[in-house]
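Participant: Sharing final35.cif (mmCIF, C-alpha atoms) below.
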data_protein
loop_
_atom_site.group_PDB
_atom_site.id
_atom_site.type_symbol
_atom_site.label_atom_id
_atom_site.label_comp_id
_atom_site.auth_asym_id
_atom_site.auth_seq_id
_atom_site.Cartn_x
_atom_site.Cartn_y
_atom_site.Cartn_z
ATOM 1 C CA MET T 205 0.000 0.000 0.000
ATOM 2 C CA ARG T 206 1.350 3.431 -0.995
ATOM 3 C CA ARG T 207 0.108 5.515 1.954
ATOM 4 C CA GLU T 208 1.573 8.727 0.514
ATOM 5 C CA LEU T 209 -1.081 8.605 -2.218
ATOM 6 C CA TYR T 210 -3.937 8.896 0.234
ATOM 7 C CA GLN T 211 -3.171 12.471 1.317
ATOM 8 C CA MET T 212 -2.655 15.390 -1.034
ATOM 9 C CA ASN T 213 1.010 16.363 -1.323
ATOM 10 C CA PRO T 214 1.161 19.007 -4.084
ATOM 11 C CA ASN T 215 4.955 19.218 -4.246
ATOM 12 C CA ARG T 216 5.223 15.469 -4.688
ATOM 13 C CA PHE T 217 2.271 15.081 -7.070
ATOM 14 C CA PHE T 218 2.544 18.047 -9.453
ATOM 15 C CA VAL T 219 5.263 19.496 -11.671
ATOM 16 C CA PRO T 220 6.548 22.922 -10.514
ATOM 17 C CA SER T 221 5.239 24.778 -13.576
ATOM 18 C CA PHE T 222 1.691 23.606 -12.821
ATOM 19 C CA LEU T 223 1.945 24.523 -9.120
ATOM 20 C CA ASN T 224 3.266 27.981 -9.981
ATOM 21 C CA THR T 225 0.459 28.546 -12.474
ATOM 22 C CA ILE T 226 -2.245 27.461 -10.005
ATOM 23 C CA SER T 227 -0.687 29.702 -7.365
ATOM 24 C CA GLU T 228 -0.534 32.727 -9.698
ATOM 25 C CA ASN T 229 -4.015 32.002 -11.123
ATOM 26 C CA THR T 230 -3.594 34.404 -14.039
ATOM 27 C CA GLU T 231 -4.582 34.083 -17.665
ATOM 28 C CA GLU T 232 -0.972 34.658 -18.722
ATOM 29 C CA GLY T 233 0.221 31.908 -16.396
ATOM 30 C CA PHE T 234 -2.225 29.391 -17.838
ATOM 31 C CA ARG T 235 -1.416 30.430 -21.401
ATOM 32 C CA ASN T 236 2.284 29.869 -20.687
ATOM 33 C CA ILE T 237 1.822 26.199 -19.749
ATOM 34 C CA ILE T 238 -0.943 25.275 -22.202
ATOM 35 C CA SER T 239 -0.361 24.181 -25.764
ATOM 36 C CA GLU T 240 -2.965 23.402 -28.414
ATOM 37 C CA PRO T 241 -1.649 20.573 -30.642
ATOM 38 C CA SER T 242 -4.988 20.426 -32.519
ATOM 39 C CA PRO T 243 -7.907 22.846 -32.516
ATOM 40 C CA GLY T 244 -9.810 22.481 -29.247
ATOM 41 C CA ILE T 245 -7.275 20.047 -27.725
ATOM 42 C CA LEU T 246 -5.419 21.691 -24.839
ATOM 43 C CA THR T 247 -2.474 19.998 -23.135
ATOM 44 C CA PHE T 248 -0.168 20.867 -20.266
ATOM 45 C CA ASP T 249 2.206 19.115 -17.905
ATOM 46 C CA MET T 250 0.576 18.481 -14.561
ATOM 47 C CA LEU T 251 1.620 15.302 -12.758
ATOM 48 C CA GLN T 252 5.073 14.224 -11.625
ATOM 49 C CA PRO T 253 6.215 10.977 -13.295
ATOM 50 C CA ASP T 254 6.907 9.460 -9.850
ATOM 51 C CA PHE T 255 3.327 10.190 -8.777
ATOM 52 C CA CYS T 256 1.978 8.532 -11.922
ATOM 53 C CA LYS T 257 4.109 5.470 -11.244
ATOM 54 C CA MET T 258 2.983 5.315 -7.600
ATOM 55 C CA LEU T 259 -0.661 5.574 -8.639
ATOM 56 C CA LEU T 260 -0.322 2.875 -11.287
ATOM 57 C CA ASP T 261 1.518 0.643 -8.800
ATOM 58 C CA GLU T 262 -1.274 1.141 -6.266
ATOM 59 C CA VAL T 263 -3.942 0.304 -8.839
ATOM 60 C CA GLY T 264 -1.898 -2.823 -9.643
ATOM 61 C CA ASN T 265 -1.852 -3.711 -5.933
ATOM 62 C CA ILE T 266 -5.614 -3.228 -5.777
ATOM 63 C CA GLU T 267 -6.112 -5.380 -8.876
ATOM 64 C CA ASN T 268 -3.916 -8.130 -7.390
ATOM 65 C CA TRP T 269 -5.836 -8.043 -4.125
ATOM 66 C CA LEU T 270 -9.132 -8.225 -6.002
ATOM 67 C CA HIS T 271 -7.904 -11.232 -7.966
ATOM 68 C CA GLU T 272 -6.511 -13.034 -4.897
ATOM 69 C CA THR T 273 -9.623 -12.490 -2.789
ATOM 70 C CA ARG T 274 -12.034 -12.989 -5.689
ATOM 71 C CA PHE T 275 -13.647 -9.780 -4.562
ATOM 72 C CA ARG T 276 -15.969 -8.298 -7.178
ATOM 73 C CA ILE T 277 -16.105 -4.595 -7.840
ATOM 74 C CA MET T 278 -18.099 -2.424 -10.146
ATOM 75 C CA ARG T 279 -16.020 -1.116 -13.035
ATOM 76 C CA PRO T 280 -16.318 2.551 -14.067
ATOM 77 C CA ASN T 281 -18.513 1.547 -17.009
ATOM 78 C CA THR T 282 -19.569 -1.577 -18.845
ATOM 79 C CA MET T 283 -17.017 -1.043 -21.622
ATOM 80 C CA ASN T 284 -14.069 -0.864 -19.212
ATOM 81 C CA ALA T 285 -12.793 -4.246 -18.064
ATOM 82 C CA TYR T 286 -9.716 -2.923 -16.254
ATOM 83 C CA GLY T 287 -10.521 0.464 -14.703
ATOM 84 C CA VAL T 288 -11.262 0.921 -11.033
ATOM 85 C CA VAL T 289 -13.151 3.647 -9.217
ATOM 86 C CA LEU T 290 -10.423 5.050 -6.980
ATOM 87 C CA ASP T 291 -12.964 6.390 -4.477
ATOM 88 C CA ASP T 292 -13.850 2.774 -3.690
ATOM 89 C CA PHE T 293 -10.320 2.177 -2.379
ATOM 90 C CA GLY T 294 -9.840 5.081 0.008
ATOM 91 C CA LEU T 295 -8.578 7.752 -2.363
ATOM 92 C CA GLU T 296 -11.703 9.907 -2.150
ATOM 93 C CA THR T 297 -10.175 12.508 0.209
ATOM 94 C CA MET T 298 -7.092 12.991 -1.955
ATOM 95 C CA LEU T 299 -9.175 13.103 -5.140
ATOM 96 C CA ALA T 300 -11.588 15.643 -3.625
ATOM 97 C CA LYS T 301 -8.612 17.895 -2.760
ATOM 98 C CA LEU T 302 -7.252 17.425 -6.272
ATOM 99 C CA MET T 303 -10.551 18.507 -7.792
ATOM 100 C CA GLU T 304 -11.222 21.362 -5.375
ATOM 101 C CA ASP T 305 -7.763 22.920 -5.187
ATOM 102 C CA PHE T 306 -6.272 22.170 -8.610
ATOM 103 C CA ILE T 307 -8.843 21.224 -11.252
ATOM 104 C CA LEU T 308 -11.681 23.536 -10.259
ATOM 105 C CA PRO T 309 -9.567 26.732 -10.468
ATOM 106 C CA MET T 310 -8.835 25.922 -14.110
ATOM 107 C CA SER T 311 -12.294 24.732 -15.079
ATOM 108 C CA THR T 312 -14.214 27.653 -13.590
ATOM 109 C CA SER T 313 -12.357 30.256 -15.585
ATOM 110 C CA ASN T 314 -13.939 30.775 -19.005
ATOM 111 C CA GLU T 315 -11.042 32.921 -20.154
ATOM 112 C CA TYR T 316 -8.625 29.949 -19.999
ATOM 113 C CA SER T 317 -10.959 27.412 -21.576
ATOM 114 C CA SER T 318 -10.858 29.083 -24.991
ATOM 115 C CA CYS T 319 -7.114 29.416 -25.277
ATOM 116 C CA ASN T 320 -5.717 30.286 -28.690
ATOM 117 C CA CYS T 321 -2.213 29.325 -27.672
#
Rewrite the structure of this file - the entire thing - as structure tokens.

Facilitator:
Amino acid sequence: MRRELYQMNPNRFFVPSFLNTISENTEEGFRNIISEPSPGILTFDMLQPDFCKMLLDEVGNIENWLHETRFRIMRPNTMNAYGVVLDDFGLETMLAKLMEDFILPMSTSNEYSSCNC
């Protein structure tokens, strides 16, 4: 079990450019980290590679436990045979912080959502 995943640790989870941009919360800051490889497709670096690896490892641990215990879970949708709902495994507090403190500031600003980068 990767206990460090279950509490929000911004410096460990996010790349510095993303943290700085969220902290500044300016249109210019968001425009500086966002690119638009195709019309309407916005990309930016957000998560640290180590965090991604920890999360994937934890999902693997969960999957192994499910297999060993023959415990049945509901998948995110009927077309997804491998996904898991992370809230079901204790990550709801961390995910709520992620949404509230990092995703919501970006999604509530209309000026950033129509970036012509």

Participant: Name the residues in contact with stretch 291-301 of chain T at a cut-off of 10 Å, using all atoms listed in the file, excluding same-chain residues fewer than 4 positions from it; report them as JSON, numbers by chain.

Facilitator: {"T": [207, 208, 209, 210, 211, 212, 213, 214, 262, 263, 266, 277, 278, 305, 306, 307, 308]}

Participant: Report the distance between atom CA of T:Asn229 and atom CA of T:Glu304 in Å, rounded to one decimal place.

Facilitator: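 Taking atom CA of T:Asn229 and atom CA of T:Glu304, their separation equals 14.1 Å.
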
Participant: For the file shown, report as a PyMOL selection string the outcome of the PyMOL selection byres ((chain T and resi 238-249) around 7) at residue level.

Facilitator: chain T and resi 219+222+234-237+250-251+321

Participant: What is the atom CA of T:Asp254 to atom CA of T:Phe218 distance in Å?

Facilitator: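 Separating atom CA of T:Asp254 from atom CA of T:Phe218 is a distance of 9.6 Å.
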
Participant: Separation of atom CA of T:Asp261 and atom CA of T:Asn224, in Å?

Facilitator: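 So the two atoms, atom CA of T:Asp261 and atom CA of T:Asn224, lie 27.4 Å apart.
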